[in-house]
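Written below as structure tokens is the structure these notes are about.
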There are 4 protein chains.
Amino acid sequence: MSDTDSSRIKRVVLAYSGGLDTSVIAKWLQVTYNCEVVTFTADLGQGEEIEPARAKARNMGIPDEHIYIEDVREEFVRDFVFPMFRANARYEGDYLLGTSIARPLISKRLIEIARETGADAIAHGATGKGNDQVRFELSAYALDPDIKVIAPWREWDLGSRSALIDWAEKHQIQVPRDKRGESPFSTDANLLHTSSEGKVLEDPWEETPDYVYSRTVNPEDAPDAPEYITVDFDKGDGVALNGEAMSPATLLTALNELGRKHGIGRLDLVENRFVGMKSRGMYETPGGTIYAVAHRGIEQITLDRGAAHLKDELMPKYAELIYNGFWFSPEREMLQAAIDLSQQKVNGTVRLKLYKGGVHLVGRKSADSLYSERHVTFEDDAGAYDQKDAEGFIKLNALRLRLLAKRDM
Amino acid sequence: MSDTDSSRIKRVVLAYSGGLDTSVIAKWLQVTYNCEVVTFTADLGQGEEIEPARAKARNMGIPDEHIYIEDVREEFVRDFVFPMFRANARYEGDYLLGTSIARPLISKRLIEIARETGADAIAHGATGKGNDQVRFELSAYALDPDIKVIAPWREWDLGSRSALIDWAEKHQIQVPRDKRGESPFSTDANLLHTSSEGKVLEDPWEETPDYVYSRTVNPEDAPDAPEYITVDFDKGDGVALNGEAMSPATLLTALNELGRKHGIGRLDLVENRFVGMKSRGMYETPGGTIYAVAHRGIEQITLDRGAAHLKDELMPKYAELIYNGFWFSPEREMLQAAIDLSQQKVNGTVRLKLYKGGVHLVGRKSADSLYSERHVTFEDDAGAYDQKDAEGFIKLNALRLRLLAKRDM
Amino acid sequence: MSDTDSSRIKRVVLAYSGGLDTSVIAKWLQVTYNCEVVTFTADLGQGEEIEPARAKARNMGIPDEHIYIEDVREEFVRDFVFPMFRANARYEGDYLLGTSIARPLISKRLIEIARETGADAIAHGATGKGNDQVRFELSAYALDPDIKVIAPWREWDLGSRSALIDWAEKHQIQVPRDKRGESPFSTDANLLHTSSEGKVLEDPWEETPDYVYSRTVNPEDAPDAPEYITVDFDKGDGVALNGEAMSPATLLTALNELGRKHGIGRLDLVENRFVGMKSRGMYETPGGTIYAVAHRGIEQITLDRGAAHLKDELMPKYAELIYNGFWFSPEREMLQAAIDLSQQKVNGTVRLKLYKGGVHLVGRKSADSLYSERHVTFEDDAGAYDQKDAEGFIKLNALRLRLLAKRDM
Amino acid sequence: MSDTDSSRIKRVVLAYSGGLDTSVIAKWLQVTYNCEVVTFTADLGQGEEIEPARAKARNMGIPDEHIYIEDVREEFVRDFVFPMFRANARYEGDYLLGTSIARPLISKRLIEIARETGADAIAHGATGKGNDQVRFELSAYALDPDIKVIAPWREWDLGSRSALIDWAEKHQIQVPRDKRGESPFSTDANLLHTSSEGKVLEDPWEETPDYVYSRTVNPEDAPDAPEYITVDFDKGDGVALNGEAMSPATLLTALNELGRKHGIGRLDLVENRFVGMKSRGMYETPGGTIYAVAHRGIEQITLDRGAAHLKDELMPKYAELIYNGFWFSPEREMLQAAIDLSQQKVNGTVRLKLYKGGVHLVGRKSADSLYSERHVTFEDDAGAYDQKDAEGFIKLNALRLRLLAKRDM
């Protein structure tokens with residue numbers, strides 16, 4: 001929002017964590033825009049209680065019917081995380097997109113709540129340097145083209161920690177003791193991952209200090225014995241762990257526990273932000289890292305080569321779209337349609353070995369397997385495959401190369 | 001070759017390992033085609049002596065000038081392995097293409113030797129079910145469109161082990177005691193990797209037995225303490241380990257030792273062969289696995305986003321071309337030209353932690369770094385980045401989505 | 001089929017045109033395989049009567065219940081041609097795939113008839129050098145993995161015209177007088193196009209003689225006045241011409257008439273066959289050429305940029321799949337799912353000018369238009385677009401390029 | 001530039017046409033930024049005299065050494081247009097990128113002149129709604145990361161025609177009589193094309209009035225007899241017309257004359273701008289349209305299938321990069337490296353028929369042709385191609401589809 005528009009805001013829905021920063025934002029919106037604030041606090045599996053946000057919102061004079069507190073974990077995993085993992089999506093080769101995939105869900109609820117409450121704007125606490133502002137806002141605009149978006153970090157002049165705290169105290173917002181100093185890094189968390197960046201992580205040559213990790217043990221402290229697990233898939237989505245059926249969020253939670261225990265899913269990455277700069281981040285995706293290996297494993301025996309290779313070719317673009325905030329875009333939906341079609345027979349069981357930070361695929365089986373021992377065997381194949389066919393296959397594949405060689409000799 | 005052509009073969013260059021199978025082939029070529037056999041035995045780093053092949057070839061009456069025994073390790077790593085790793089190539093998400101990348105080099109030498117010796121054909125010991133026949137032959141035809149290719153496994157009727165051994169003994173070829181029985185799996189090795197498939201590996205649900213591995217210790221038996229190393233890159237190629245300059249093959253050999261010690265690079269894969277079936281293989285790529293992580297690491301800070309994302313999009317096709325045997329094709333060379341151009345400033349040092357089967361990137365630095373702490377910092381950036389720019393950036397990226405939403409509302 | 005299998009054929013379904021070549025094949029199958037022949041003759045819009053095929057089949061002793069004669073024009077356009085045009089498919093930049101798209105439909109019916117009649121094989125009249133054998137057979141195998149395929153042109157020794165005619169006369173097959181000599185070129189036709197190749201067309205430097213064309217007047221003989229038409233689209237498919245609703249085949253037939261009259265859709269092409277050689281062909285696609293321009297025209301205003309660009313990127317692969325015979329493949333179906341999703345709002349009317357071989361798009365309108373005169377106007381846009389947003393948009397798009405320039409200066 | 005920076009500008013290089021708009025800009029820069037103005041006027045083949053710009057610049061007090069007037073036509077065609085046509089680039093299926101490709105050249109000279117004259121900024125006359133501002137500025141930033149860019153149309157309040165004229169008169173800038181009224185459309189021209197948009201073209205359902213066209217006759221007024229021409233290529237670039245060797249710009253100029261005469265190269269398009277809106281434009285690309293057909297024609301016989309298909313797959317992205325202004329980007333240069341490698345043997349002659357708005361390829365020949373009449377012929381091919389190879393080729397291509405069908409039956 002440019003300042004000239006501010007007079008027009010009447011009611012704004014804020015993505016509210018209950019923490020200091022978004023509490024300041026809530027108050028700042030009231031003060032600056034002289035508007036009503038509706039708060040939305042979601043349990044995405046970030047591992048913190050969300051109920052305390054209610055009292056804090058009330059303290060700022062927000063009426064109960066404008067305080068939304070919701071557990072969206074199942075929706076998050078079922079409708080966002082799992083569809084994304086069907087694509088084997090990794091941004092820049094490695095990043096499992098844990099932050100990126102949560103933003104569209106939050107924006108979707110912000111817009112829905114804006115409609116319910118008659119709000120004309122939404123607000124978020126993402127800074128002007130990062131990707132999250134883009135993800136929040138592109139999703140919001142895609143779902144409501146007339147919505148107004150307020151991004152306080154791009155507007156106010158509370159750029160330093162001390163300015164923020166001064167402002168908070170001036171406006172009767174409680175500042176917890178541990179928030180007074182500068183945090184050595186900043187963090188985002190949900191059921192899929194925790195990311196950390198900034199401060200102590202800003203030099204990409206320095207190893208990430210161990211205290212930055214919160215979701216996994218150090219692999220060196222993990223059990224000395226490997227643990228074997230199985231994951232079952234149905235239509236490309238995980239449905240059971242060690243034979244026990246589980247809902248999406250329950251399965252991911254259980255895999256997170258296994259990942260934590262075995263030190264799985266730590267990633268130290270320098271990535272390219274959509275806004276044009278490189279940043280260095282630390283990610284912990286314990287369950288997601290296990291799940292990703294499992295999903296590729298079941299695809300190995302159930303997916304046709306043509307489908308598998310097409311998926312691999314489309315994946316970088318698909319991952320980039322999610323990273324850049326284009327979840328709600330026609331092209332992401334088109335790719336999803338192609339990917340989902342490929343998953344109809346991605347059913348079966350994979351067996352994994354977890355050990356000291358590693359996830360090792362050791363077995364896969366499926367009633368829908370395309371693997372044919374009869375074709376591949378070195379033993380007598382009972383005529384399943386005529387080796388003489390290979391000569392013609394090679395000859396015709398070689399023909400253009402031979403014509404080329406004749407010309408260029 | 002179809003039988004009707006056999007009368008025309010006068011001299012054939014055979015890819016000769018010195019082992020039982022290719023010894024039988026050498027003799028079979030002499031007997032069946034009544035032609036001279038030239039042998040080519042290459043040290044690709046497979047870990048076996050190649051000199052014994054000389055005596056065996058002599059025993060079959062092959063004159064010394066027709067016995068080629070060569071150490072091609074440096075050429076292999078410099079001209080094939082390193083260019084491929086510049087692309088971060090992985091077939092079907094995981095396979096580092098260790099076998100695929102060795103075949104074109106062998107074919108190139110077979111064709112060169114055919115020219116030197118006036119031979120009109122080449123021969124190889126690959127079966128009619130696999131990818132290697134395709135790779136050998138496409139490369140050969142691309143380099144010499146008039147060459148004839150003999151693939152005995154597609155022609156003869158020595159399909160069973162006992163038939164092969166009977167034939168060998170009937171033709172005075174020594175059969176080592178340990179080759180009499182059926183091998184529990186078959187193997188291919190070179191400096192980049194060892195692959196194993198068949199027999200005990202044919203059930204993709206069964207875990208690969210530990211005795212199949214030959215290049216790495218079991219991660220559980222690896223040292224309990226992590227080891228830190230650095231790898232230096234120049235123009236996208238590795239040039240030093242722990243600060244010590246090394247030639248390509250020397251560097252890969254040293255990384256292999258580190259990988260072996262820490263149990264790094266084991267891969268259990270069901271893959272899609274070019275000839276149309278799925279196969280299950282076990283790969284050990286100790287040094288290559290370390291090198292791949294290191295290369296991605298140095299690219300993280302030295303490669304522009306546009307270049308990096310283009311590389312990621314092109315990679316699946318590039319990997320598929322190598323897997324399918326199209327190393328010597330215009331399209332692989334076009335992709336290589338694009339990739340190589342991107343590597344001009346891929347210089348610097350990465351730091352890696354090796355531990356119990358895992359390779360963890362922990363640091364990277366470069367005089368050609370594009371990472372700008374000044375831009376990314378949460379602290380005061382002295383005007384390097386104007387957060388207000390983000391609003392316009394988002395607004396224009398959102399415009400088409402808003403127009404779409406207006407229509408579809 | 002290799003000869004060793006021939007004894008096993010009991011009943012074969014033949015793609016039967018009623019012409020000399022497929023009549024010889026029918027007889028040859030009876031004689032060589034000593035099997036029953038079921039004939040399938042389809043009206044794909046090739047412009048020849050199909051009913052005469054009945055008497056010819058009867059003459060060869062085929063019982064009436066084994067003579068299938070069907071008009072499949074609506075199915076052809078609705079289920080094959082239109083879905084393909086949704087993708088704007090052009091092989092190698094120009095070819096509208098008129099032959100390629102007909103083959104899967106024929107194979108589909110051959111397989112269905114084989115099931116109905118208990119046949120164990122199918123047969124077709126395509127040669128061993130072309131693409132059509134591949135298209136017929138890949139489709140057949142994809143629909144029935146156990147079907148046997150007989151391709152007489154790859155098996156028999158009737159390679160020359162005179163040998164074929166001798167064989168025909170020896171076996172009491174009537175040889176029309178005009179089929180005795182060598183045809184100056186060979187032809188394939190259906191409702192979408194006519195293709196010609198061979199003989200007089202084999203020198204790609206020689207202009208195609210005018211007598212080769214059969215579906216269009218020479219543009220020089222076309223009317224001297226342009227003709228304007230409109231085509232209406234619904235969900236990406238044509239539904240009306242000049243405001244008159246028409247079924248798919250009726251619409252294409254009417255466009256063919258317009259194309260014929262105005263000399264539209266002639267194409268002289270050297271293309272790359274899947275079997276590895278280049279061939280020179282002449283194509284006439286009168287209605288299809290008009291339809292292709294119309295479809296792109298309606299997409300211009302109804303398709304979002306993200307969707308449109310994704311379609312353009314996927315198109316070459318999609319066209320290649322159809323050209324190579326992979327209509328019935330998971331990857332073509334995945335691409336189709338993506339493409340079809342994009343067409344949900346591709347509704348509206350385009351206006352075209354037809355003149356002397358050219359199709360010129362001159363107008364398009366739609367209730368689902370995404371074109372916003374309010375945004376694009378040079379006039380006052382009432383705040384629809386804030387030009388100042390462009391600065392931020394450019395600045396952030398430029399950021400990575402500036403960091404790069406700073407490094408490389 | 002935001003206003004707060006304006007005090008820092010000392011000298012600015014302006015892309016100066018000599019027309020009213022850029023004359024106002026020159027004066028406005030002097031008045032607003034109190035800075036020196038350096039003018040750069042380029043002959044890109046727009047068809048207007050550039051020398052008159054000198055007197056106009058002098059009138060504004062610009063010293064002679066700060067008035068740059070240059071003929072860059074050869075550089076434009078040789079280093080920008082021809083490389084782009086090697087890729088067969090078309091944006092959104094049709095647009096030959098005539099405006100897009102001129103911008104990077106202008107920016108390159110602006111930056112070079114800024115260095116020569118010690119200027120700290122550049123300025124251009126593109127508006128805030130279009131693509132050209134992006135192209136100018138991305139190129140400038142890529143070549144000089146510290147350059148400042150002034151885009152007056154985004155800064156000033158001279159949004160209406162009358163305001164602009166008032167300002168001009170107030171500042172003693174001569175306003176030609178024909179510039180007083182509103183122009184019915186706006187135009188950009190260079191040797192490759194003329195584009196028109198705005199006003200009378202804003203309704204995409206209305207046919208473009210004939211008076212908008214300036215570079216081509218109406219096809220209906222073109223000669224009634226076709227004209228045949230030949231174009232020779234060397235390494236993918238045109239080098240001769242009708243056998244007469246010509247420089248790049250001379251060749252394009254001659255093709256423009258032919259195109260004008262025969263009414264070739266008119267395009268009515270609704271396209272998607274990078275800034276997020278759709279716009280309707282009219283393009284005339286007479287010579288370029290002929291050249292594009294010629295280039296595809298020579299590639300048909302000289303380019304291998306693998307190279308050709310890779311080019312087709314990469315083209316949409318390449319075209320998008322140029323359209324969006326990323327000529328000077330690593331990814332465009334990577335794609336160019338791949339494309340250029342493919343053109344090494346794109347040599348030979350094509351023959352074209354020009355008639356009433358159409359360009360028809362009728363013949364192509366080359367000493368580097370890959371077309372093999374021996375392989376493709378229906379006649380006896382002397383063993384060049386063994387039709388039996390096709391069976392094996394098809395069988396192995398079908399194998400995965402059969403395994404799939406077996407599973408899914």
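How things are named: the first chain in the structure tokens is A, the next is B, and so on; residues count from 1 in each chain; ligands count from 1 in the order shown.
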Could you name the residues that touch stretch 337-341 of chain C at 10 Å or less, counting only C-alpha atoms, but leaving out those on the same chain fewer than 5 positions away, as a ChimeraX atom specification?
-> /A:330-341 /C:83-84,86-88,235-236,307-308,310-311,314-315,331-332
Counting only C-alpha atoms, which residues in chain B sit no more than 8 Å from chain C? For each one, give the nearest pair of atoms and the distance in Å, sorted by chain then residue number, as a Markdown table.
```
| residue | atom | partner | partner_atom | distance |
| --- | --- | --- | --- | --- |
| B:Asp304 | CA | C:Arg400 | CA | 6.9 |
| B:Arg305 | CA | C:Arg400 | CA | 7.4 |
| B:Asp368 | CA | C:Arg407 | CA | 6.5 |
| B:Ser369 | CA | C:Arg407 | CA | 7.6 |
| B:Leu370 | CA | C:Leu403 | CA | 6.3 |
| B:Ser372 | CA | C:Leu403 | CA | 8.0 |
| B:Lys388 | CA | C:Gly392 | CA | 7.2 |
| B:Asp389 | CA | C:Gly392 | CA | 3.7 |
| B:Ala390 | CA | C:Gly392 | CA | 5.9 |
| B:Glu391 | CA | C:Gly392 | CA | 6.8 |
| B:Gly392 | CA | C:Asp389 | CA | 3.7 |
| B:Phe393 | CA | C:Phe393 | CA | 3.6 |
| B:Ile394 | CA | C:Phe393 | CA | 7.3 |
| B:Lys395 | CA | C:Asp389 | CA | 6.7 |
| B:Leu396 | CA | C:Phe393 | CA | 6.6 |
| B:Asn397 | CA | C:Phe393 | CA | 8.0 |
| B:Arg400 | CA | C:Asp304 | CA | 6.9 |
| B:Leu403 | CA | C:Leu370 | CA | 6.3 |
| B:Leu404 | CA | C:Leu370 | CA | 6.5 |
| B:Arg407 | CA | C:Asp368 | CA | 6.5 |
```
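Nearest-residue note for B:Gly357: choosing from A:Glu74, A:Arg115, A:His124, A:Glu220, the minimum distance belongs to A:Glu220, counting only C-alpha atoms.
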Just give me the gap between atom CA of B:Gly348 and atom CA of A:Met282 in Å, one decimal is fine.
-> 21.0 Å
Write down as number ranges by chain the residues belonging to stretch 193-402 of chain B that are assigned alpha helix (DSSP H) by DSSP computed on the backbone.
-> B: 248-262, 286-302, 305-324, 330-342, 373-376, 389-402
Nearest to C:Ile113: which of C:Ala15, C:Thr32, C:Ile62, C:Phe76 is it, counting only C-alpha atoms?
->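 Residue with the minimum atom-to-atom distance to C:Ile113: C:Ala15.
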Check which residues of stretch 171-197 of chain D sit at most 12 Å from stretch 37-47 of chain D using only C-alpha atoms, and return one row each with the closest pair of atoms and their distance in Å to one decimal, ordered by chain and rising number, as CSV.
```
residue,atom,partner,partner_atom,distance
D:Thr187,CA,D:Gln46,CA,10.4
D:Asp188,CA,D:Gln46,CA,7.9
D:Ala189,CA,D:Gln46,CA,4.7
D:Asn190,CA,D:Gln46,CA,3.8
D:Leu191,CA,D:Gly45,CA,4.1
D:Leu192,CA,D:Gly45,CA,7.8
D:His193,CA,D:Gln46,CA,8.2
D:Thr194,CA,D:Gln46,CA,7.9
D:Ser195,CA,D:Gln46,CA,10.9
```
Selection: 6 Å around stretch 265-275 of chain D, only C-alpha atoms, excl. self and same-chain fewer than 5 positions, as a PyMOL selection string = (chain B and resi 396) or (chain C and resi 300+305) or (chain D and resi 280-286+289+324)
Just write the chosen residues, N, CA and C atoms, as a PDB file, in the first residue's frame.
```
ATOM      1  N   LEU B 396       3.395  -6.069 -10.478  1.00  0.00           N
ATOM      2  CA  LEU B 396       3.401  -6.408 -11.896  1.00  0.00           C
ATOM      3  C   LEU B 396       3.428  -7.917 -12.116  1.00  0.00           C
TER       4      LEU B 396
ATOM      5  N   GLN C 300      -5.243 -16.100 -27.885  1.00  0.00           N
ATOM      6  CA  GLN C 300      -4.561 -14.820 -27.610  1.00  0.00           C
ATOM      7  C   GLN C 300      -5.285 -13.980 -26.565  1.00  0.00           C
ATOM      8  N   ARG C 305      -0.898 -15.660 -19.719  1.00  0.00           N
ATOM      9  CA  ARG C 305       0.470 -15.791 -20.219  1.00  0.00           C
ATOM     10  C   ARG C 305       1.179 -17.039 -19.684  1.00  0.00           C
TER      11      ARG C 305
ATOM     12  N   ARG D 280      -2.573  -5.329 -27.944  1.00  0.00           N
ATOM     13  CA  ARG D 280      -2.800  -5.701 -29.339  1.00  0.00           C
ATOM     14  C   ARG D 280      -1.879  -4.862 -30.201  1.00  0.00           C
ATOM     15  N   GLY D 281      -1.134  -5.540 -31.063  1.00  0.00           N
ATOM     16  CA  GLY D 281      -0.206  -4.825 -31.912  1.00  0.00           C
ATOM     17  C   GLY D 281      -0.319  -5.274 -33.348  1.00  0.00           C
ATOM     18  N   MET D 282       0.177  -4.413 -34.222  1.00  0.00           N
ATOM     19  CA  MET D 282       0.270  -4.756 -35.623  1.00  0.00           C
ATOM     20  C   MET D 282       1.739  -4.698 -35.979  1.00  0.00           C
ATOM     21  N   TYR D 283       2.235  -5.738 -36.580  1.00  0.00           N
ATOM     22  CA  TYR D 283       3.640  -5.782 -36.963  1.00  0.00           C
ATOM     23  C   TYR D 283       3.770  -5.961 -38.465  1.00  0.00           C
ATOM     24  N   GLU D 284       4.752  -5.284 -39.012  1.00  0.00           N
ATOM     25  CA  GLU D 284       5.146  -5.555 -40.392  1.00  0.00           C
ATOM     26  C   GLU D 284       6.617  -5.942 -40.396  1.00  0.00           C
ATOM     27  N   THR D 285       6.905  -7.134 -40.824  1.00  0.00           N
ATOM     28  CA  THR D 285       8.272  -7.641 -40.840  1.00  0.00           C
ATOM     29  C   THR D 285       8.530  -8.235 -42.216  1.00  0.00           C
ATOM     30  N   PRO D 286       8.591  -7.419 -43.235  1.00  0.00           N
ATOM     31  CA  PRO D 286       8.588  -7.981 -44.594  1.00  0.00           C
ATOM     32  C   PRO D 286       9.794  -8.880 -44.874  1.00  0.00           C
ATOM     33  N   THR D 289      10.217 -11.912 -42.378  1.00  0.00           N
ATOM     34  CA  THR D 289       9.302 -13.036 -42.590  1.00  0.00           C
ATOM     35  C   THR D 289       9.825 -13.950 -43.703  1.00  0.00           C
ATOM     36  N   ASN D 324      11.442 -10.343 -23.104  1.00  0.00           N
ATOM     37  CA  ASN D 324      11.416  -9.767 -21.761  1.00  0.00           C
ATOM     38  C   ASN D 324      12.600  -8.852 -21.458  1.00  0.00           C
TER      39      ASN D 324
END
```
Within 8 Å of A:Ala398, counting only C-alpha atoms, which residues qualify if same-chain residues fewer than 6 places away don't, as a list in words?
->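 Final neighbour list, sorted by chain and number: Glu137, Leu138, Tyr141 and Ala142 of chain B; Gly276 of chain C.
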How would the residues just picked look written out with C-alpha atoms as an mmCIF file, in the first residue's frame?
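As written to disk, out_16.cif reads:
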```cif
data_model
loop_
_atom_site.group_PDB
_atom_site.id
_atom_site.type_symbol
_atom_site.label_atom_id
_atom_site.label_comp_id
_atom_site.auth_asym_id
_atom_site.auth_seq_id
_atom_site.Cartn_x
_atom_site.Cartn_y
_atom_site.Cartn_z
ATOM 1 C CA GLU B 137 27.292 -49.096 -30.981
ATOM 2 C CA LEU B 138 25.762 -45.624 -31.211
ATOM 3 C CA TYR B 141 28.458 -45.534 -35.695
ATOM 4 C CA ALA B 142 28.634 -41.825 -34.864
ATOM 5 C CA GLY C 276 16.226 -41.936 -38.722
#
```
Near C:Val293, counting only C-alpha atoms, which residues have an atom at most 9 Å away, once you skip same-chain residues fewer than 6 positions from it, shown as number ranges by chain?
-> C: 88, 352, 359-361
Would you mind writing down, as a VMD selection string, each residue of stretch 299-365 of chain D that DSSP on the backbone assigns to strand (DSSP E)?
-> chain D and resid 348 to 355 358 to 365
For stretch 241-253 of chain C, please output as number ranges by chain all residues within 10 Å (counting only C-alpha atoms; exclusion window: fewer than 5 positions along the same chain).
-> C: 44-45, 72-79, 81-82, 191-192, 228-233, 258-259, 286-288, 290-291, 349-351
State, in Å with one decimal place, the distance from atom CA of C:Ala140 to atom CA of C:Pro104.
->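 Value for the atom CA of C:Ala140-atom CA of C:Pro104 distance: 8.0 Å.
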Spatial neighbours of B:Ser139, 9 Å, only C-alpha atoms, chain gap at least 2 places, as a PyMOL selection string = (chain A and resi 398+401) or (chain B and resi 103-105+107-108+134-137+141-144+325-329)
